[in-house]
$ cat input-v3.cif   # mmCIF, C-alpha atoms and all ligand atoms
data_coords
loop_
_atom_site.label_atom_id
_atom_site.label_comp_id
_atom_site.auth_asym_id
_atom_site.auth_seq_id
_atom_site.Cartn_x
_atom_site.Cartn_y
_atom_site.Cartn_z
CA MET Z 1 -2.93 25.94 8.13
CA LYS Z 2 -1.45 23.04 6.25
CA ALA Z 3 -2.99 19.64 6.92
CA GLY Z 4 0.35 18.21 8.08
CA TYR Z 5 0.75 21.08 10.41
CA LEU Z 6 -2.67 20.51 11.92
CA THR Z 7 -1.72 16.93 12.78
CA LEU Z 8 1.38 18.25 14.48
CA ALA Z 9 -0.66 20.72 16.52
CA LEU Z 10 -3.16 18.04 17.53
CA ALA Z 11 -0.47 15.59 18.51
CA ALA Z 12 1.21 18.28 20.57
CA ALA Z 13 -2.03 19.17 22.32
CA GLN Z 14 -2.03 15.79 24.01
CA THR Z 15 1.27 16.51 25.71
CA LEU Z 16 0.13 19.82 27.16
CA PRO Z 17 -0.07 20.42 30.90
CA ALA Z 18 -3.50 20.16 32.52
CA ALA Z 19 -5.87 23.02 31.82
CA ASP Z 20 -6.17 25.85 34.31
CA GLY Z 21 -9.75 25.10 35.35
CA LYS Z 22 -12.95 24.23 33.53
CA GLU Z 23 -12.69 25.27 29.90
CA HIS Z 24 -15.75 27.00 28.53
CA ASN Z 25 -14.50 26.69 25.00
CA ILE Z 26 -17.86 27.32 23.45
CA ALA Z 27 -18.42 30.97 24.11
CA ASN Z 28 -22.06 30.89 25.18
CA ILE Z 29 -23.85 34.24 25.38
CA PHE Z 30 -26.66 32.54 27.30
CA LYS Z 31 -24.43 31.62 30.25
CA PRO Z 32 -22.97 34.87 31.55
CA VAL Z 33 -21.00 34.72 34.82
CA THR Z 34 -20.63 38.44 35.52
CA THR Z 35 -23.00 41.24 36.56
CA PRO Z 36 -22.77 43.15 33.25
CA GLY Z 37 -23.14 39.88 31.33
CA THR Z 38 -26.26 38.90 33.27
CA GLN Z 39 -27.84 42.33 32.87
CA ILE Z 40 -27.16 42.33 29.14
CA LEU Z 41 -28.70 38.87 28.81
CA ASP Z 42 -31.74 40.08 30.78
CA ILE Z 43 -32.48 42.96 28.41
CA ALA Z 44 -31.77 40.79 25.39
CA THR Z 45 -34.27 38.23 26.71
CA LEU Z 46 -36.83 40.96 27.39
CA ALA Z 47 -36.45 42.38 23.87
CA LEU Z 48 -36.69 38.89 22.42
CA ALA Z 49 -39.83 38.12 24.45
CA VAL Z 50 -41.57 41.36 23.46
CA THR Z 51 -40.69 41.05 19.78
CA GLY Z 52 -41.51 37.32 19.95
CA VAL Z 53 -45.05 38.04 21.17
CA ILE Z 54 -45.48 40.65 18.41
CA PHE Z 55 -44.18 38.18 15.85
CA VAL Z 56 -46.61 35.49 16.96
CA ILE Z 57 -49.59 37.89 16.87
CA VAL Z 58 -48.71 39.34 13.45
CA ALA Z 59 -47.82 36.00 11.89
CA GLY Z 60 -50.93 34.38 13.43
CA LEU Z 61 -53.23 37.08 12.06
CA LEU Z 62 -51.54 36.88 8.68
CA ILE Z 63 -52.02 33.11 8.46
CA TYR Z 64 -55.61 33.40 9.68
CA ILE Z 65 -56.39 36.04 7.05
CA LEU Z 66 -54.66 34.11 4.27
CA VAL Z 67 -56.75 31.05 5.02
CA ARG Z 68 -60.02 32.69 5.97
CA PHE Z 69 -60.16 35.10 3.01
CA ARG Z 70 -58.54 32.94 0.35
CA ARG Z 71 -60.08 32.88 -3.09
CA ARG Z 72 -62.98 30.42 -3.37
CA PRO Z 73 -64.88 29.13 -6.42
CA ASP Z 74 -68.14 30.66 -5.20
CA ASP Z 75 -66.69 34.17 -4.64
CA ASP Z 76 -68.94 36.95 -5.84
CA ARG Z 77 -65.84 38.70 -7.25
CA GLN Z 78 -67.00 42.00 -5.78
CA GLU Z 79 -64.52 44.39 -4.26
CA PRO Z 80 -64.76 44.15 -0.44
CA PRO Z 81 -65.99 47.19 1.51
CA GLN Z 82 -63.25 49.88 1.67
CA VAL Z 83 -62.71 51.33 5.14
CA TYR Z 84 -61.04 54.72 5.55
CA GLY Z 85 -59.97 56.57 8.65
CA SER Z 86 -60.72 54.70 11.83
CA THR Z 87 -59.36 56.98 14.50
CA GLN Z 88 -59.45 54.27 17.13
CA ILE Z 89 -57.43 51.74 15.11
CA GLU Z 90 -54.92 54.35 13.99
CA ALA Z 91 -54.45 55.67 17.50
CA ALA Z 92 -53.94 52.12 18.78
CA TRP Z 93 -51.29 51.18 16.24
CA THR Z 94 -49.43 54.42 16.81
CA VAL Z 95 -49.51 54.57 20.57
CA LEU Z 96 -48.85 50.91 21.31
CA PRO Z 97 -45.58 50.60 19.34
CA ILE Z 98 -44.37 53.91 20.78
CA LEU Z 99 -45.00 52.60 24.27
CA ILE Z 100 -43.20 49.34 23.54
CA VAL Z 101 -40.18 51.11 22.03
CA PHE Z 102 -40.14 53.54 24.95
CA VAL Z 103 -40.12 50.74 27.53
CA LEU Z 104 -37.30 48.90 25.71
CA LEU Z 105 -35.36 52.17 25.38
CA MET Z 106 -35.64 53.01 29.07
CA VAL Z 107 -34.68 49.53 30.24
CA THR Z 108 -31.68 49.46 27.88
CA ALA Z 109 -30.55 52.96 28.83
CA ARG Z 110 -30.70 52.04 32.50
CA VAL Z 111 -28.56 48.94 32.03
CA ILE Z 112 -26.05 50.70 29.78
CA SER Z 113 -25.57 53.62 32.16
CA GLY Z 114 -25.49 51.27 35.17
CA VAL Z 115 -22.71 49.20 33.57
CA GLU Z 116 -20.75 52.14 32.17
CA ASP Z 117 -20.91 54.37 35.22
CA ALA Z 118 -19.60 51.76 37.65
CA LYS Z 119 -16.45 53.18 39.25
CA PRO Z 120 -13.56 50.94 40.22
CA ARG Z 121 -13.34 50.54 44.01
CA SER Z 122 -9.95 50.57 45.67
CA ASN Z 123 -9.79 46.79 45.68
CA ALA Z 124 -10.51 46.34 42.00
CA LEU Z 125 -7.86 44.87 39.75
CA LYS Z 126 -6.86 47.11 36.86
CA ALA Z 127 -5.41 45.92 33.60
CA THR Z 128 -4.86 47.42 30.18
CA ILE Z 129 -5.56 45.52 26.99
CA VAL Z 130 -3.89 46.71 23.80
CA GLY Z 131 -5.21 45.31 20.56
CA HIS Z 132 -2.56 44.62 17.90
CA GLN Z 133 -2.80 43.11 14.45
CA TRP Z 134 -3.33 40.17 15.41
CA TRP Z 135 -2.78 39.57 19.08
CA TRP Z 136 -3.62 41.10 22.44
CA GLU Z 137 -1.11 42.77 24.71
CA ILE Z 138 -2.05 42.62 28.40
CA GLN Z 139 -0.52 44.97 30.96
CA TYR Z 140 -0.93 45.09 34.73
CA PRO Z 141 0.66 48.48 35.48
CA LYS Z 142 0.39 48.05 39.26
CA TYR Z 143 2.35 44.80 39.17
CA GLY Z 144 4.73 45.72 36.35
CA ILE Z 145 3.65 42.71 34.29
CA VAL Z 146 3.19 42.50 30.54
CA THR Z 147 1.87 39.37 28.87
CA ALA Z 148 -0.11 38.40 25.78
CA ASN Z 149 -3.35 36.75 24.74
CA GLU Z 150 -4.07 35.06 28.07
CA LEU Z 151 -5.70 37.35 30.58
CA HIS Z 152 -5.51 36.11 34.17
CA ILE Z 153 -8.05 37.66 36.53
CA PRO Z 154 -9.24 36.78 40.02
CA VAL Z 155 -12.76 35.51 40.66
CA ALA Z 156 -14.94 38.19 42.32
CA GLY Z 157 -14.44 38.15 46.07
CA PRO Z 158 -13.51 40.30 49.05
CA GLN Z 159 -9.90 40.71 47.89
CA HIS Z 160 -10.79 41.70 44.35
CA LEU Z 161 -14.37 42.80 43.75
CA ALA Z 162 -13.96 43.15 40.01
CA THR Z 163 -11.50 43.70 37.20
CA PHE Z 164 -11.54 47.01 35.32
CA LEU Z 165 -10.04 46.98 31.87
CA THR Z 166 -8.79 49.88 29.81
CA LEU Z 167 -8.92 49.05 26.12
CA GLU Z 168 -6.45 50.59 23.67
CA SER Z 169 -5.31 49.85 20.17
CA ALA Z 170 -1.82 49.98 18.74
CA ASP Z 171 -3.00 50.09 15.14
CA VAL Z 172 -6.52 49.66 13.76
CA ALA Z 173 -9.97 49.23 15.31
CA HIS Z 174 -10.52 45.90 17.07
CA SER Z 175 -13.27 44.78 19.39
CA PHE Z 176 -12.87 42.93 22.66
CA TRP Z 177 -15.54 40.36 23.33
CA ILE Z 178 -15.67 37.55 25.89
CA PRO Z 179 -19.33 36.54 25.59
CA GLN Z 180 -19.67 35.00 29.06
CA LEU Z 181 -17.90 37.82 30.84
CA GLY Z 182 -19.80 40.80 29.54
CA GLY Z 183 -20.52 43.00 26.59
CA LYS Z 184 -18.58 43.74 23.47
CA MET Z 185 -16.40 46.83 23.49
CA ASP Z 186 -14.65 48.53 20.60
CA VAL Z 187 -10.89 48.93 20.81
CA ILE Z 188 -10.04 52.13 18.98
CA PRO Z 189 -6.72 53.88 18.28
CA ASN Z 190 -6.19 57.08 20.30
CA ARG Z 191 -9.07 56.37 22.60
CA ASN Z 192 -9.38 54.61 25.95
CA ASN Z 193 -12.49 52.52 26.29
CA LYS Z 194 -13.41 50.89 29.57
CA MET Z 195 -15.06 47.69 30.59
CA TRP Z 196 -15.34 45.69 33.78
CA MET Z 197 -16.10 42.15 34.83
CA ASP Z 198 -16.77 40.45 38.16
CA PRO Z 199 -16.72 36.75 37.32
CA LYS Z 200 -18.51 34.63 39.92
CA GLU Z 201 -17.02 31.39 38.59
CA THR Z 202 -13.48 30.20 37.96
CA GLY Z 203 -12.46 28.58 34.69
CA VAL Z 204 -11.17 29.48 31.26
CA PHE Z 205 -13.37 31.67 29.10
CA PHE Z 206 -12.83 32.33 25.42
CA GLY Z 207 -13.32 35.43 23.40
CA ASN Z 208 -12.39 36.86 20.05
CA CYS Z 209 -11.74 40.06 18.24
CA ALA Z 210 -15.19 41.09 17.05
CA GLU Z 211 -14.33 43.81 14.55
CA TYR Z 212 -12.71 42.96 11.24
CA CYS Z 213 -9.13 44.17 11.55
CA GLY Z 214 -7.22 42.55 8.69
CA THR Z 215 -6.24 39.14 7.33
CA GLN Z 216 -5.69 37.34 10.64
CA HIS Z 217 -8.67 38.90 12.39
CA ALA Z 218 -10.20 35.45 12.95
CA ASN Z 219 -7.05 34.34 14.78
CA MET Z 220 -7.13 36.91 17.54
CA LEU Z 221 -8.36 34.56 20.19
CA ILE Z 222 -8.29 35.63 23.80
CA ARG Z 223 -8.39 33.34 26.80
CA VAL Z 224 -9.45 34.62 30.17
CA ILE Z 225 -8.26 32.50 33.04
CA VAL Z 226 -10.43 33.25 36.06
CA GLN Z 227 -8.67 31.99 39.18
CA PRO Z 228 -9.26 31.95 42.92
CA ASN Z 229 -7.56 35.02 44.36
CA ASP Z 230 -4.62 33.18 45.94
CA GLU Z 231 -3.83 31.36 42.70
CA PHE Z 232 -4.08 34.61 40.82
CA MET Z 233 -1.63 36.27 43.22
CA LYS Z 234 0.73 33.31 42.80
CA TRP Z 235 0.58 33.78 39.05
CA VAL Z 236 1.30 37.51 39.52
CA ALA Z 237 4.34 36.71 41.65
CA SER Z 238 5.73 34.27 39.09
CA GLU Z 239 5.19 36.77 36.27
CA GLN Z 240 6.89 39.50 38.30
CA ALA Z 241 9.98 37.36 38.77
CA PRO Z 242 12.85 38.25 36.45
CA ALA Z 243 13.33 36.12 33.35
CA VAL Z 244 15.04 32.78 33.99
CA ASN Z 245 18.75 33.11 33.29
CA ASP Z 246 20.04 29.58 32.99
CA ALA Z 247 23.84 29.73 32.89
CA SER Z 248 24.00 26.51 30.88
CA LEU Z 249 22.04 28.26 28.10
CA ALA Z 250 24.28 31.35 27.92
CA PRO Z 251 25.40 30.79 24.30
CA GLN Z 252 21.79 30.25 23.22
CA ARG Z 253 20.74 33.43 25.00
CA GLU Z 254 23.56 35.39 23.41
CA LEU Z 255 22.54 34.14 19.98
CA PHE Z 256 18.95 35.25 20.59
CA GLU Z 257 20.17 38.62 21.77
CA SER Z 258 22.29 39.04 18.65
CA LEU Z 259 19.30 38.51 16.35
CA SER Z 260 16.75 41.15 15.43
CA CYS Z 261 14.14 39.36 17.57
CA VAL Z 262 15.15 41.86 20.27
CA ASN Z 263 13.83 44.77 18.21
CA CYS Z 264 10.32 43.40 18.47
CA HIS Z 265 10.29 41.37 21.69
CA THR Z 266 11.05 42.06 25.32
CA VAL Z 267 12.66 39.68 27.77
CA ARG Z 268 12.74 41.79 30.93
CA GLY Z 269 16.22 42.40 32.31
CA THR Z 270 17.98 41.57 29.04
CA PRO Z 271 18.88 43.69 26.00
CA ALA Z 272 15.66 42.45 24.35
CA LYS Z 273 13.47 45.52 24.72
CA GLY Z 274 11.24 45.59 21.65
CA THR Z 275 7.55 46.18 22.20
CA PHE Z 276 6.18 45.52 18.74
CA GLY Z 277 5.55 41.84 19.43
CA PRO Z 278 4.45 39.90 22.54
CA ASP Z 279 6.55 40.10 25.71
CA LEU Z 280 8.52 36.85 26.01
CA THR Z 281 9.76 37.20 29.63
CA HIS Z 282 7.58 34.31 30.79
CA LEU Z 283 6.67 32.87 27.42
CA MET Z 284 6.39 29.32 28.76
CA SER Z 285 3.67 30.30 31.23
CA ARG Z 286 1.29 30.63 28.29
CA ARG Z 287 -0.65 27.67 26.98
CA MET Z 288 -0.87 28.80 23.39
CA LEU Z 289 1.25 30.63 20.85
CA ALA Z 290 0.26 33.37 18.43
CA SER Z 291 -3.09 34.26 19.97
CA GLY Z 292 -4.54 30.81 20.36
CA MET Z 293 -3.23 29.40 17.06
CA ILE Z 294 -1.11 26.53 18.33
CA PRO Z 295 -0.37 24.88 21.69
CA ASN Z 296 2.81 26.19 23.26
CA THR Z 297 5.03 23.13 23.03
CA ARG Z 298 8.69 23.01 22.19
CA GLU Z 299 8.09 21.57 18.70
CA ASN Z 300 5.45 24.18 17.91
CA LEU Z 301 7.65 26.95 19.21
CA ARG Z 302 10.42 25.87 16.86
CA GLU Z 303 7.97 25.65 13.94
CA TRP Z 304 6.68 29.12 14.76
CA ILE Z 305 10.14 30.72 14.84
CA LYS Z 306 11.12 28.81 11.70
CA ASP Z 307 8.32 30.34 9.71
CA PRO Z 308 5.46 32.16 11.38
CA GLN Z 309 4.04 32.89 7.93
CA THR Z 310 3.04 29.27 7.24
CA ILE Z 311 1.22 29.07 10.58
CA LYS Z 312 -0.36 32.53 10.56
CA PRO Z 313 -0.07 33.90 7.03
CA GLY Z 314 0.20 37.68 6.90
CA CYS Z 315 1.12 38.01 10.57
CA GLN Z 316 3.50 40.79 11.58
CA MET Z 317 6.41 38.52 12.47
CA PRO Z 318 8.69 37.88 9.50
CA ASP Z 319 10.28 34.60 8.55
CA MET Z 320 13.67 35.14 10.18
CA GLN Z 321 15.51 32.67 7.86
CA LEU Z 322 17.35 31.03 10.75
CA THR Z 323 19.52 27.98 10.15
CA SER Z 324 18.53 24.73 11.75
CA ALA Z 325 21.22 25.11 14.43
CA GLN Z 326 20.11 28.66 15.20
CA LEU Z 327 16.52 27.48 15.45
CA ASP Z 328 17.49 24.80 17.96
CA ALA Z 329 19.43 27.29 20.03
CA VAL Z 330 16.75 30.00 20.05
CA THR Z 331 14.07 27.41 20.85
CA ALA Z 332 16.15 26.05 23.73
CA TYR Z 333 16.60 29.53 25.18
CA LEU Z 334 12.94 30.53 24.82
CA SER Z 335 11.82 27.20 26.28
CA SER Z 336 13.70 28.07 29.45
CA LEU Z 337 11.59 31.23 29.95
CA LYS Z 338 9.16 29.63 32.37
C1 LIG J 401 9.28 42.63 13.07
C2 LIG J 401 9.07 42.28 14.43
C3 LIG J 401 9.40 40.87 14.88
C4 LIG J 401 10.59 40.22 14.82
C5 LIG J 401 11.88 40.70 14.18
C6 LIG J 401 10.40 38.96 15.49
N1 LIG J 401 9.12 38.85 15.94
FE1 LIG J 401 8.35 37.34 17.02
N2 LIG J 401 6.52 38.17 16.91
C7 LIG J 401 6.23 39.38 16.34
C8 LIG J 401 4.81 39.59 16.36
C9 LIG J 401 4.06 40.78 15.82
C10 LIG J 401 4.25 38.45 16.98
C11 LIG J 401 2.77 38.16 17.20
C12 LIG J 401 2.24 37.36 16.05
C13 LIG J 401 0.78 37.08 16.13
O1 LIG J 401 0.35 36.39 17.06
O2 LIG J 401 0.04 37.50 15.23
C14 LIG J 401 5.35 37.60 17.32
C15 LIG J 401 5.22 36.38 18.02
C16 LIG J 401 6.28 35.66 18.49
C17 LIG J 401 6.16 34.53 19.38
C18 LIG J 401 4.88 34.00 19.96
C19 LIG J 401 4.57 34.74 21.24
C20 LIG J 401 3.25 34.41 21.84
O3 LIG J 401 3.09 34.57 23.05
O4 LIG J 401 2.33 34.00 21.13
C21 LIG J 401 7.43 34.07 19.60
C22 LIG J 401 7.83 32.91 20.48
C23 LIG J 401 8.32 34.90 18.85
N3 LIG J 401 7.60 35.87 18.17
C24 LIG J 401 9.69 34.72 18.79
C25 LIG J 401 10.54 35.45 17.95
C26 LIG J 401 11.92 35.13 17.73
C27 LIG J 401 12.69 34.01 18.40
C28 LIG J 401 12.41 36.06 16.84
C29 LIG J 401 13.78 36.15 16.25
C30 LIG J 401 14.28 34.97 15.60
C31 LIG J 401 11.31 36.95 16.52
N4 LIG J 401 10.20 36.54 17.21
C32 LIG J 401 11.39 38.03 15.67
C33 LIG J 401 7.13 40.27 15.82
C34 LIG J 401 8.48 39.99 15.57
CU CU J 402 -8.68 42.55 15.83
#
$ encode --input "input-v3.cif" --output "structure tokens"
Amino acid sequence: MKAGYLTLALAAAQTLPAADGKEHNIANIFKPVTTPGTQILDIATLALAVTGVIFVIVAGLLIYILVRFRRRPDDDRQEPPQVYGSTQIEAAWTVLPILIVFVLLMVTARVISGVEDAKPRSNALKATIVGHQWWWEIQYPKYGIVTANELHIPVAGPQHLATFLTLESADVAHSFWIPQLGGKMDVIPNRNNKMWMDPKETGVFFGNCAEYCGTQHANMLIRVIVQPNDEFMKWVASEQAPAVNDASLAPQRELFESLSCVNCHTVRGTPAKGTFGPDLTHLMSRRMLASGMIPNTRENLREWIKDPQTIKPGCQMPDMQLTSAQLDAVTAYLSSLK
């Protein structure tokens, strides 16, 4: 990102609407808020404790031996006694590590199968995440909603016990990882992977693509907005609403519809039906553009459409070479898509 551009993004950030809850913008693996996340942290802590004790014993013995048997001026320079074949010692250092590995294996296997075998109950929310180079498509088939990069889910409660995600890829292998909400799961073409989360806390949680997937891999940020159930349902209702069709912006809309934007983007209920890029039906309900790259303000939106390649070099949206007047018009139309 160019330095000048960064200033623009920072200045714009100050004019953004209030955040949707407490932002946990440092993804902390030590503060999980879901059942799978807590269980994973528990086995990680156990493994760390066991290996930590082993480390302290081995390192302690090593230091003791280094000091105790160091070379001294009055050494007799004789070879020390050579000991061969102590059955007891050999049995101990074979059996003990096997036991330790076995315990860790069993505990891990139990957690993995417990997390993976959980079946969605009837009141679980289901969503599908599709990894793209370099953004996340989010679908809620039951509600007929498609959005991008900002996953809204309800906090665990009687109405929605948990959220079950199906993970798919449109192109290469990605990996979906929201450290505080659970494990890391590969997103692989031609395969459906599953994962679930039952967040006990509201707020905004951050995650990233965790599998190198091309030049903009590092800019595949995902935000998860965990909301109280009624707020979540309100969000669903507003996303289900048809795209705003402001009569005073008809010429701007017609211009947008005449451009090749419509081959890659959808605005539900209009001729824009492309699915290669993010769904724009309710573009303005998202806080950020281009998978967390820049705050979604009018100025940034215009900059993005003007030349996505300066903001996210290598991204799959071409510089559309619009004139300044066309840029203003398209920005005005898209800004109306609340
Ligand atoms: C070749 C397909 C293609 C065309 C044509 C195209 N886009 Fe895109 N667009 C994309 C892709 C892919 C992304 C996602 C980029 C990313 O985040 O890496 C995107 C992202 C966007 C975003 C940001 C969406 C979000 O939620 O982050 C906006 C806004 C947008 N495009 C508007 C337009 C407009 C306006 C036009 C026409 C002038 C246009 N696009 C033409 C593929 C396209
Ligand atoms: Cu990726």
$ residues_around --input "input-v3.cif" --residues "Z:Glu231" --least-positions-apart "3" --cutoff "12 Å" --atoms "all atoms listed in the file" --output "PyMOL selection string"
chain Z and resi 20-21+152-155+202+225-228+234-238
$ closest_residue --input "input-v3.cif" --among "Z:Asn245, Z:Asn296, Z:Asn193, Z:Ser260" --to "Z:Leu322" --atoms "only C-alpha atoms"
Z:Ser260
$ closest_residue --input "input-v3.cif" --among "Z:Leu48, Z:Cys261, Z:Val130, Z:Val56" --to "Z:Asn149" --atoms "all atoms listed in the file"
Z:Val130
$ residues_near_ligand --input "input-v3.cif" --ligand "ligand CU 402 (chain J)" --cutoff "6 Å" --atoms "all atoms listed in the file" --output "list in words"
Trp134, His174, Cys209, Glu211, Cys213 and His217 of chain Z
$ atom_distance --input "input-v3.cif" --atom1 "atom CA of Z:Leu249" --atom2 "atom CA of Z:Tyr333"
6.3 Å
$ residues_around --input "input-v3.cif" --residues "stretch 278-290 of chain Z" --least-positions-apart "4" --cutoff "6 Å" --atoms "all atoms listed in the file" --output "list of chain:residue names"
Z:Thr147, Z:Ala148, Z:Ala243, Z:His265, Z:Thr266, Z:Val267, Z:Arg268, Z:Ile294, Z:Pro295, Z:Asn296, Z:Leu337, Z:Lys338
$ closest_residue --input "input-v3.cif" --among "Z:Leu62, Z:Val95, Z:Ile138, Z:Ala49" --to "ligand LIG 401 (chain J)" --atoms "only C-alpha atoms and all ligand atoms"
Z:Ile138
$ closest_residue --input "input-v3.cif" --among "Z:Ile188, Z:Ala332, Z:Ile145, Z:Ile63" --to "ligand LIG 401 (chain J)" --atoms "all atoms listed in the file"
Z:Ala332
$ atom_distance --input "input-v3.cif" --atom1 "atom C2 of ligand LIG 401 (chain J)" --atom2 "atom CA of Z:Asp319"
9.7 Å
$ axis_aligned_box --input "input-v3.cif" --around "ligand LIG 401 (chain J)" --padding-each-side "5 Å" --output "AutoDock Vina command-line options"
--center_x 7.2 --center_y 37.8 --center_z 18.1 --size_x 24.2 --size_y 19.7 --size_z 20.0
$ closest_residue --input "input-v3.cif" --among "Z:Asn219, Z:Ser248, Z:Thr108, Z:Ser169" --to "ligand LIG 401 (chain J)" --atoms "only C-alpha atoms and all ligand atoms"
Z:Asn219
$ closest_residue --input "input-v3.cif" --among "Z:Pro271, Z:Pro242, Z:Gly214, Z:Pro120" --to "Z:Gly144" --atoms "all atoms listed in the file"
Z:Pro242
$ build_atoms --input "input-v3.cif" --residues "stretch 260-272 of chain Z" --atoms "N, CA and C atoms" --output "PDB file, in the coordinates of the input"
ATOM      1  N   SER Z 260      17.633  39.973  15.371  1.00  0.00           N
ATOM      2  CA  SER Z 260      16.750  41.150  15.430  1.00  0.00           C
ATOM      3  C   SER Z 260      15.443  40.866  16.162  1.00  0.00           C
ATOM      4  N   CYS Z 261      15.291  39.658  16.707  1.00  0.00           N
ATOM      5  CA  CYS Z 261      14.140  39.360  17.570  1.00  0.00           C
ATOM      6  C   CYS Z 261      14.013  40.440  18.648  1.00  0.00           C
ATOM      7  N   VAL Z 262      15.150  40.925  19.135  1.00  0.00           N
ATOM      8  CA  VAL Z 262      15.150  41.860  20.270  1.00  0.00           C
ATOM      9  C   VAL Z 262      14.569  43.220  19.909  1.00  0.00           C
ATOM     10  N   ASN Z 263      14.447  43.497  18.595  1.00  0.00           N
ATOM     11  CA  ASN Z 263      13.830  44.770  18.210  1.00  0.00           C
ATOM     12  C   ASN Z 263      12.316  44.729  18.345  1.00  0.00           C
ATOM     13  N   CYS Z 264      11.775  43.525  18.388  1.00  0.00           N
ATOM     14  CA  CYS Z 264      10.320  43.400  18.470  1.00  0.00           C
ATOM     15  C   CYS Z 264       9.848  42.784  19.777  1.00  0.00           C
ATOM     16  N   HIS Z 265      10.719  42.081  20.482  1.00  0.00           N
ATOM     17  CA  HIS Z 265      10.290  41.370  21.690  1.00  0.00           C
ATOM     18  C   HIS Z 265      11.070  41.802  22.917  1.00  0.00           C
ATOM     19  N   THR Z 266      10.406  41.745  24.058  1.00  0.00           N
ATOM     20  CA  THR Z 266      11.050  42.060  25.320  1.00  0.00           C
ATOM     21  C   THR Z 266      11.269  40.782  26.125  1.00  0.00           C
ATOM     22  N   VAL Z 267      12.454  40.651  26.690  1.00  0.00           N
ATOM     23  CA  VAL Z 267      12.660  39.680  27.770  1.00  0.00           C
ATOM     24  C   VAL Z 267      13.201  40.557  28.898  1.00  0.00           C
ATOM     25  N   ARG Z 268      12.394  40.811  29.895  1.00  0.00           N
ATOM     26  CA  ARG Z 268      12.740  41.790  30.930  1.00  0.00           C
ATOM     27  C   ARG Z 268      14.112  41.506  31.523  1.00  0.00           C
ATOM     28  N   GLY Z 269      14.900  42.557  31.698  1.00  0.00           N
ATOM     29  CA  GLY Z 269      16.220  42.400  32.310  1.00  0.00           C
ATOM     30  C   GLY Z 269      17.295  41.973  31.324  1.00  0.00           C
ATOM     31  N   THR Z 270      16.976  41.908  30.046  1.00  0.00           N
ATOM     32  CA  THR Z 270      17.980  41.570  29.040  1.00  0.00           C
ATOM     33  C   THR Z 270      17.965  42.686  27.984  1.00  0.00           C
ATOM     34  N   PRO Z 271      18.901  42.643  27.032  1.00  0.00           N
ATOM     35  CA  PRO Z 271      18.880  43.690  26.000  1.00  0.00           C
ATOM     36  C   PRO Z 271      17.652  43.612  25.077  1.00  0.00           C
ATOM     37  N   ALA Z 272      16.860  42.546  25.187  1.00  0.00           N
ATOM     38  CA  ALA Z 272      15.660  42.450  24.350  1.00  0.00           C
ATOM     39  C   ALA Z 272      14.596  43.385  24.901  1.00  0.00           C
TER      40      ALA Z 272
END
